[in-house]
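K.L.:
Pasting a structure here, questions to come.
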Amino acid sequence: MGKETKLLEKIELAVPGYHGYKKKELMREDDRIIRGKVADILAMARKDMERALQRCAMVNCQQLVAIDGMRKKLIALESRVRHAEAGYSGYFDRIKVREDELNALIEYDAKLIELAQAIADAVGKLNGAIADPRNLGMAVFDLDDKLRELEETLDKRNTVLVGE
Amino acid sequence: MVQVIEWVNPGEDEIIWRYPNEVIKWGAQLIVHEYEVAIFMRDGKVYDVFGPGRHTITTQNLPLLYKLVGGSNSPFKATVIFVSMKQFQGRYGGETQTRELAPVKYYGVYWFKVADPVLFLTEVVGGQSLYDTADVTKFIRAYFNEGMMKHLSAYSIVDLFQNLDMVSTQVKVKLMEDFRRLGLELVDVKIEGVNTTDEWRQRLFWIMQTGNAQAVMQMDTAKQVAHELGQSEGAGLGTGMVVMPQLLQQPAQPTQPAQPYAGGGVPPAGYQNPQQPAQPATQSQQQTQEICPYCGKPIPPGARFCPYCGHEIKRCPNGHIVPEGAKFCPVCGAKIE
Ligand SMILES: [Zn+2]
Ligand SMILES: [Zn+2]
């Protein structure tokens with residue numbers, strides 16, 4: 001129990017207005033603001049990434065196509081996070097939402113924020129490594145890993161919201 | 001009757017709409033739907049901006065225009081433009097020349113949306129006095145095409161056909177920058193096809209096969225290249241023959257990156273791999289190292305179509321790859337039906 005409380009406090013600090021699904025009538029709102037926050041972080045990261053693309057094109061770096069591919073992935077993730085999937089719109093209307101499900105949700109929320117931030121940081125590193133082929137390769141791999149991880153976390157969060 | 005300002009049922013491709021009545025009354029109802037922005041303009045200048053929602057036009061929410069009309073409460077004149085913030089798709093196609101002045105045709109699709117409606121209206125709608133979707137769309141397409149032509153012409157024909165992925169990404173990034181200047185976001189660009197004349201396709205074939213752009217470019221016509229290479233197995237050596245033996249045996253290196261903004265109209269200094277000195281290839285080597293002359297990717301021995309670009313691979317009766325339109329195999333001299 002202590003673990004969830006700590007997580008909750010951490011999220012509340014980063015995302016004002018989040019209640020951790022404690023009030024039935026605010027659950028949908030909690031879900032919305034978390035997704036909004038994560039999507040905003042990803043949007044900033046995308047702008048940063050477009051700057052990286054431009055610099056990469058300017059110095060004719062080898063990773064251009066890879067970086068552009070990651071930009072597309074980032075756009076897709078951003079829109080997936082921002083616009084809730086139709087599948088789980090009914091989740092919060094259920095008569096009873098189980099405690100352990102809500103705890104799992106809080107854990108995924110914390111993970112999402114953490115990963116979005118990690119992606120933003122990785123893009124920052126990428127941006128700094130454009131002129132340095134050795135570090136650039138590593139930065140590309142690193143960012144790609146993080147994007148993948150976010151995708152997986154989103155999938156898992158969805159299984160909580162959709163499945164039994 | 002209360003004046004209602006609303007874009008009713010915009011069509012799928014409609015990017016802007018001008019409210020037909022230029023006389024606005026205070027107290028008018030302005031309805032802005034999701035994915036729309038409404039902007040009040042006068043004399044091509046942008047004044048006040050409204051996001052989605054239902055707004056009553058008052059002196060408070062039109063501060064700039066209110067000041068402009070001198071603080072009077074009588075109806076005033078303004079152009080109300082609605083801008084769609086949705087994503088649009090456009091098709092393009094055109095002709096340009098590569099760095100070596102090879103003519104190329106290209107076509108494809110691009111996706112864009114308005115990112116900064118005020119900048120967009122200032123630059124495109126007000127700036128060009130284009131007040132309906134058809135005109136705006138036409139302008140954007142022309143702008144895109146102009147950029148595409150300009151950026152593509154910085155590349156060599158080998159880059160275009162061998163590194164199209166890289167080239168199109170580089171061009172896209174450049175175009176993104178151009179679009180940003182109009183308040184637009186270029187979401188993506190796809191080049192679906194690039195083509196050139198038969199003459200240049202044959203020349204390209206030899207550049208790809210031999211890996212030596214310079215030598216091929218020094219010959220006047222592709223026919224001359226084919227002719228002189230065709231004689232190389234025979235006894236009578238022509239003038240071009242000094243370079244030919246190593247020309248024939250050096251496969252192109254498809255890993256060479258595209259060289260765009262290196263500037264100048266200078267053709268690339270050849271696509272030879274500097275680490276690999278010319279050495280005679282054996283029959284089996286040649287068979288395992290076949291390269292598609294149209295996209296530069298390795299193809300399975302004997303393939304009749306390139307699995308990457310789908311281009312037909314023409315062969316002589318002995319299985320050598322021959323350029324399109326060739327009458328004789330340049331390697332063994334066999335006649336080609
Ligand atoms: Zn091919
Ligand atoms: Zn032959």
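Labels for the structure tokens follow display order: chains A, B, ..., residues from 1 in each chain, ligands from 1.
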Using only C-alpha atoms, what does the table of chain B residues within 7 Å of chain A look like, with each row giving the shortest atom pair and its distance in Å to one decimal, sorted by chain and ascending number, as a tab-separated table?
P.N.:
```
residue	atom	partner	partner_atom	distance
B:Met166	CA	A:Val65	CA	6.1
B:Thr169	CA	A:Val65	CA	6.2
B:Gln170	CA	A:Ala57	CA	5.6
B:Val173	CA	A:Gln54	CA	6.0
B:Pro257	CA	A:Gln62	CA	7.0
```
K.L.:
Show which residues sit within 10 Å of Ala104 of chain A, as a list in words. Count only C-alpha atoms, and ignore same-chain residues fewer than 5 positions away.
P.N.:
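After dropping sequence-adjacent residues, the list is Glu4, Glu99, Asp109, Ala110, Lys156, Arg157 and Val160 of chain A.
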K.L.:
Pull N, CA, C and O atoms from the residues just selected and write them as a compact mmCIF listing (two decimals), in the first residue's frame.
P.N.:
```
# COMPACT_ATOMS: atom_id res chain seq x y z
N GLU A 4 2.02 2.54 -3.45
CA GLU A 4 1.05 3.30 -4.24
C GLU A 4 0.90 4.73 -3.74
O GLU A 4 0.76 5.66 -4.50
N GLU A 99 -10.00 -2.35 -6.65
CA GLU A 99 -8.87 -1.63 -6.04
C GLU A 99 -7.54 -1.97 -6.72
O GLU A 99 -6.75 -1.09 -7.05
N ASP A 109 0.40 5.00 -14.87
CA ASP A 109 0.42 6.46 -15.05
C ASP A 109 1.79 7.02 -14.69
O ASP A 109 2.35 7.84 -15.43
N ALA A 110 2.30 6.56 -13.54
CA ALA A 110 3.62 7.03 -13.11
C ALA A 110 4.67 6.65 -14.15
O ALA A 110 5.53 7.45 -14.52
N LYS A 156 0.02 -2.13 -22.14
CA LYS A 156 -0.31 -2.79 -20.88
C LYS A 156 -1.39 -2.01 -20.13
O LYS A 156 -2.29 -2.59 -19.54
N ARG A 157 -1.27 -0.69 -20.16
CA ARG A 157 -2.27 0.15 -19.50
C ARG A 157 -3.64 -0.13 -20.13
O ARG A 157 -4.67 -0.17 -19.46
N VAL A 160 -5.44 -3.20 -18.90
CA VAL A 160 -6.15 -2.96 -17.63
C VAL A 160 -7.51 -2.34 -17.92
O VAL A 160 -8.54 -2.73 -17.37
```
K.L.:
As a list in words, please: every protein or nucleic acid residue near ligand 2 (cut-off 7 Å, counting only C-alpha atoms and all ligand atoms).
P.N.:
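Listing the residues within 7 Å of ligand 2 gives Cys316, Pro317, Asn318, Gly319, His320, Cys329, Pro330, Val331, Cys332, Gly333 and Ala334 of chain B.
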K.L.:
Write a file of the selected residues as a PDB file, in the first residue's frame, keeping C-alpha atoms.
P.N.:
```pdb
ATOM      1  CA  CYS B 316      20.646 -11.296 -72.572  1.00  0.00           C
ATOM      2  CA  PRO B 317      20.282 -15.029 -73.462  1.00  0.00           C
ATOM      3  CA  ASN B 318      23.390 -15.676 -71.348  1.00  0.00           C
ATOM      4  CA  GLY B 319      21.898 -14.056 -68.327  1.00  0.00           C
ATOM      5  CA  HIS B 320      23.795 -10.766 -68.257  1.00  0.00           C
ATOM      6  CA  CYS B 329      24.510  -7.564 -74.720  1.00  0.00           C
ATOM      7  CA  PRO B 330      27.426  -5.339 -73.848  1.00  0.00           C
ATOM      8  CA  VAL B 331      29.145  -8.179 -71.964  1.00  0.00           C
ATOM      9  CA  CYS B 332      28.943 -11.115 -74.382  1.00  0.00           C
ATOM     10  CA  GLY B 333      27.649  -9.435 -77.512  1.00  0.00           C
ATOM     11  CA  ALA B 334      24.607 -11.712 -77.763  1.00  0.00           C
TER      12      ALA B 334
END
```
K.L.:
For Leu154 of chain A, which of A:Val81, A:Ile106, A:Ala45, A:Tyr91 is the closest residue, counting only C-alpha atoms?
P.N.:
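Of A:Val81, A:Ile106, A:Ala45, A:Tyr91, the one nearest Leu154 of chain A, counting only C-alpha atoms, is A:Val81.
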K.L.:
Any chance you could tabulate, as a tab-separated table, the residues of chain B at most 8 Å from ligand 1 with each one's nearest atom pair and distance in Å to one decimal, using only C-alpha atoms and all ligand atoms, in chain and rising number order?
P.N.:
```
residue	atom	partner	partner_atom_place_in_ligand_line	distance
B:Ile291	CA	ligand 1	1 (Zn)	7.9
B:Cys292	CA	ligand 1	1 (Zn)	4.6
B:Pro293	CA	ligand 1	1 (Zn)	6.5
B:Tyr294	CA	ligand 1	1 (Zn)	4.9
B:Cys295	CA	ligand 1	1 (Zn)	4.1
B:Gly296	CA	ligand 1	1 (Zn)	6.2
B:Lys297	CA	ligand 1	1 (Zn)	5.9
B:Ile299	CA	ligand 1	1 (Zn)	7.7
B:Phe305	CA	ligand 1	1 (Zn)	7.7
B:Cys306	CA	ligand 1	1 (Zn)	4.5
B:Pro307	CA	ligand 1	1 (Zn)	6.6
B:Tyr308	CA	ligand 1	1 (Zn)	5.0
B:Cys309	CA	ligand 1	1 (Zn)	4.0
B:Gly310	CA	ligand 1	1 (Zn)	6.0
B:His311	CA	ligand 1	1 (Zn)	5.7
```
K.L.:
Let me see the file: selected residues, N, CA, C and O atoms, as an mmCIF file, in the first residue's frame.
P.N.:
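What landed in result.cif:
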```cif
data_model
loop_
_atom_site.group_PDB
_atom_site.id
_atom_site.type_symbol
_atom_site.label_atom_id
_atom_site.label_comp_id
_atom_site.auth_asym_id
_atom_site.auth_seq_id
_atom_site.Cartn_x
_atom_site.Cartn_y
_atom_site.Cartn_z
ATOM 1 N N ILE B 291 23.330 -6.316 -58.966
ATOM 2 C CA ILE B 291 22.751 -5.127 -58.352
ATOM 3 C C ILE B 291 21.680 -4.562 -59.272
ATOM 4 O O ILE B 291 21.865 -4.515 -60.489
ATOM 5 N N CYS B 292 20.573 -4.193 -58.708
ATOM 6 C CA CYS B 292 19.510 -3.603 -59.520
ATOM 7 C C CYS B 292 19.998 -2.272 -60.076
ATOM 8 O O CYS B 292 20.403 -1.402 -59.320
ATOM 9 N N PRO B 293 19.977 -2.124 -61.405
ATOM 10 C CA PRO B 293 20.481 -0.885 -61.983
ATOM 11 C C PRO B 293 19.533 0.297 -61.764
ATOM 12 O O PRO B 293 19.866 1.414 -62.115
ATOM 13 N N TYR B 294 18.381 0.054 -61.214
ATOM 14 C CA TYR B 294 17.413 1.146 -61.063
ATOM 15 C C TYR B 294 17.362 1.683 -59.643
ATOM 16 O O TYR B 294 17.056 2.834 -59.424
ATOM 17 N N CYS B 295 17.635 0.803 -58.648
ATOM 18 C CA CYS B 295 17.601 1.317 -57.269
ATOM 19 C C CYS B 295 18.899 1.018 -56.518
ATOM 20 O O CYS B 295 19.096 1.489 -55.410
ATOM 21 N N GLY B 296 19.778 0.227 -57.115
ATOM 22 C CA GLY B 296 21.072 0.001 -56.501
ATOM 23 C C GLY B 296 21.110 -1.069 -55.436
ATOM 24 O O GLY B 296 22.137 -1.297 -54.815
ATOM 25 N N LYS B 297 19.999 -1.761 -55.195
ATOM 26 C CA LYS B 297 19.995 -2.778 -54.149
ATOM 27 C C LYS B 297 20.392 -4.135 -54.742
ATOM 28 O O LYS B 297 20.144 -4.400 -55.918
ATOM 29 N N ILE B 299 20.215 -7.855 -55.871
ATOM 30 C CA ILE B 299 19.071 -8.702 -56.228
ATOM 31 C C ILE B 299 19.522 -10.146 -56.335
ATOM 32 O O ILE B 299 20.696 -10.419 -56.566
ATOM 33 N N PHE B 305 12.753 -9.502 -61.942
ATOM 34 C CA PHE B 305 12.229 -8.259 -61.411
ATOM 35 C C PHE B 305 13.006 -7.907 -60.152
ATOM 36 O O PHE B 305 13.433 -8.795 -59.426
ATOM 37 N N CYS B 306 13.180 -6.631 -59.924
ATOM 38 C CA CYS B 306 13.847 -6.222 -58.693
ATOM 39 C C CYS B 306 12.861 -6.335 -57.545
ATOM 40 O O CYS B 306 11.769 -5.770 -57.605
ATOM 41 N N PRO B 307 13.218 -7.086 -56.488
ATOM 42 C CA PRO B 307 12.280 -7.244 -55.366
ATOM 43 C C PRO B 307 12.105 -5.945 -54.576
ATOM 44 O O PRO B 307 11.178 -5.830 -53.798
ATOM 45 N N TYR B 308 12.988 -4.972 -54.763
ATOM 46 C CA TYR B 308 12.901 -3.732 -53.987
ATOM 47 C C TYR B 308 12.100 -2.665 -54.712
ATOM 48 O O TYR B 308 11.220 -2.051 -54.134
ATOM 49 N N CYS B 309 12.405 -2.444 -55.995
ATOM 50 C CA CYS B 309 11.719 -1.345 -56.692
ATOM 51 C C CYS B 309 10.745 -1.869 -57.732
ATOM 52 O O CYS B 309 9.995 -1.106 -58.318
ATOM 53 N N GLY B 310 10.746 -3.173 -57.958
ATOM 54 C CA GLY B 310 9.763 -3.746 -58.870
ATOM 55 C C GLY B 310 10.095 -3.568 -60.351
ATOM 56 O O GLY B 310 9.343 -4.009 -61.209
ATOM 57 N N HIS B 311 11.214 -2.941 -60.629
ATOM 58 C CA HIS B 311 11.570 -2.702 -62.027
ATOM 59 C C HIS B 311 11.918 -4.007 -62.736
ATOM 60 O O HIS B 311 12.511 -4.889 -62.147
#
```
K.L.:
Between atom CA of Ala14 of chain A and atom CA of Val162 of chain A, what is the distance, to one decimal in Å?
P.N.:
26.1 Å
